[in-house]
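S.K.: First, the structure itself, so that you have it in front of you.
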Amino acid sequence: MGRHQRAETSGLISFLICAVVGAVSMNIYMEYAPAIWQLTQRRFMVCSGIVAGCGVISFIIGYASKSRSLNLNNGWFAPIRRIVEIVALSVVYASTIFLSSFALIGAANDMMGNAIFSGYISSVCAGFAGVVGYMTFVQAELMNAKTIAGLLPFFVISGVVTAGMTTDDPYWYHNNFSQLGDRTTFAARMFNSTLMLAGTCIIIVSYFAISELVTTERLQRLWHDRTNKDPNRGYDIPHFMARITILSALLTISGLAFIGIGAFRYTPHNLMHNVCAKGLPFVMLVLFVCLPWLAPRLSKAVMVASDLAALVCAGFWANMMMGHNTLTNVEALAGLMFLGWFIVFSRQIAAIEADRVAAQLLHAQMVEGGLDKNDESEHIESRIAADK
């Protein structure tokens with residue numbers, strides 16, 4: 001079996017194991033948990049925790065099994081970096097699965113009624129755990145920036161919606177999003193945790209994206225001798241390290257801004273909260289406008305879309321300043337715009353990675369075939385043209 005077929009087969013095995021673990025664990029909890037932990041919200045939290053635990057363990061096993069750097073053959077740095085990646089990704093997966101499961105279980109309970117739904121909760125836990133175990137194992141085997149970024153909207157939307165549905169402040173929407181997290185209730189903690197973990201996810205995806213851009217540039221410079229005989233001599237990016245450093249810093253700052261908004265509630269830390277909340281739009285603006293210079297290998301469509309997103313956000317902000325809109329709407333639009341842009345950015349990075357892998361394979365075939373550099377370049381260009 002090939003890599004993808006092995007991943008699907010292992011995912012099915014993970015589905016069966018996680019489904020059994022989920023059903024058994026939930027039944028044990030329902031039978032032996034004290035009465036105080038049999039309340040509806042706590043029961044849903046335990047069910048979501050079991051599902052998240054199954055998903056994280058499945059992800060760790062899948063991600064660690066495909067890694068070839070968890071040894072000391074190349075020193076301590078490579079395994080330590082891999083362990084940090086596994087821990088960070090596990091946090092993102094655990095929080096995403098927990099919040100999504102909690103929101104779905106709550107919706108199903110509202111639809112069926114608490115009395116009826118209680119009899120099905122073990123089966124629901126088993127089904128969710130099995131599906132999550134399958135998805136996380138397959139995604140761990142085929143992990144890239146696109147996979148992680150695809151989790152981001154589900155994670156953020158599920159966390160914010162769950163916080164908005166469970167808050168005891170029905171008027172939070174009339175002011176701003178910060179009011180939803182400016183309390184000590186369960187809903188406020190969930191909202192703030194969602195923002196902090198979303199920022200962590202952005203930093204992790206940025207790490208994968210920057211690594212891929214650096215790898216692609218190094219290969220381009222390795223394959224092309226930059227002489228007059230090289231047809232691709234002008235393809236290298238000038239001042240590449242300066243550009244990639246600025247791009248990395250802006251992406252990291254945007255992630256830290258999300259973390260700061262959630263970590264510093266407005267009431268006790270209004271200065272730090274405002275620095276993070278009001279500084280994030282400026283970072284977004286610089287990213288969107290300077291993207292053609294920061295990452296010229298991205299397609300022009302992404303750059304045009306980035307400029308349009310900046311214009312739309314500016315238009316909504318001006319409309320709010322004229323009294324025709326609310327700050328909450330502007331904040332929601334800006335957040336969705338950034339998340340949408342970040343997903344598109346990550347998919348572009350994944351596309352660059354796929355093209356690089358295809359070019360490496362073709363390069364190896366050309367070298368084995370004994371073709372010179374000009375013939376190789378012609379073959380690569382014709383192959384890319386055919387793919388397009």
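If you're wondering about the labels, chains in the structure tokens are A, B, ... by order shown, residues count from 1 in each chain, ligands from 1 in order shown.
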Going by DSSP on the backbone, which residues of region 162-343 of chain A come out as alpha helix (DSSP H)? List them as a VMD selection string.
M.R.: chain A and resid 162 to 166 177 to 181 186 to 223 240 to 263 270 to 294 300 to 321 327 to 343
S.K.: Could you check the closest approach to Glu212 (chain A) for each of A:Phe137, A:Ile352, A:Gly181, A:Met337 and tell me which residue wins, using only C-alpha atoms?
M.R.: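 Smallest separation from Glu212 (chain A) among the options: A:Ile352.
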S.K.: Which residue, A:Ser158, A:Gln348, A:Thr215, A:Thr9, has the smallest gap to Phe98 (chain A) when you use only C-alpha atoms?
M.R.: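 Of A:Ser158, A:Gln348, A:Thr215, A:Thr9, the one nearest Phe98 (chain A), counting only C-alpha atoms, is A:Ser158.
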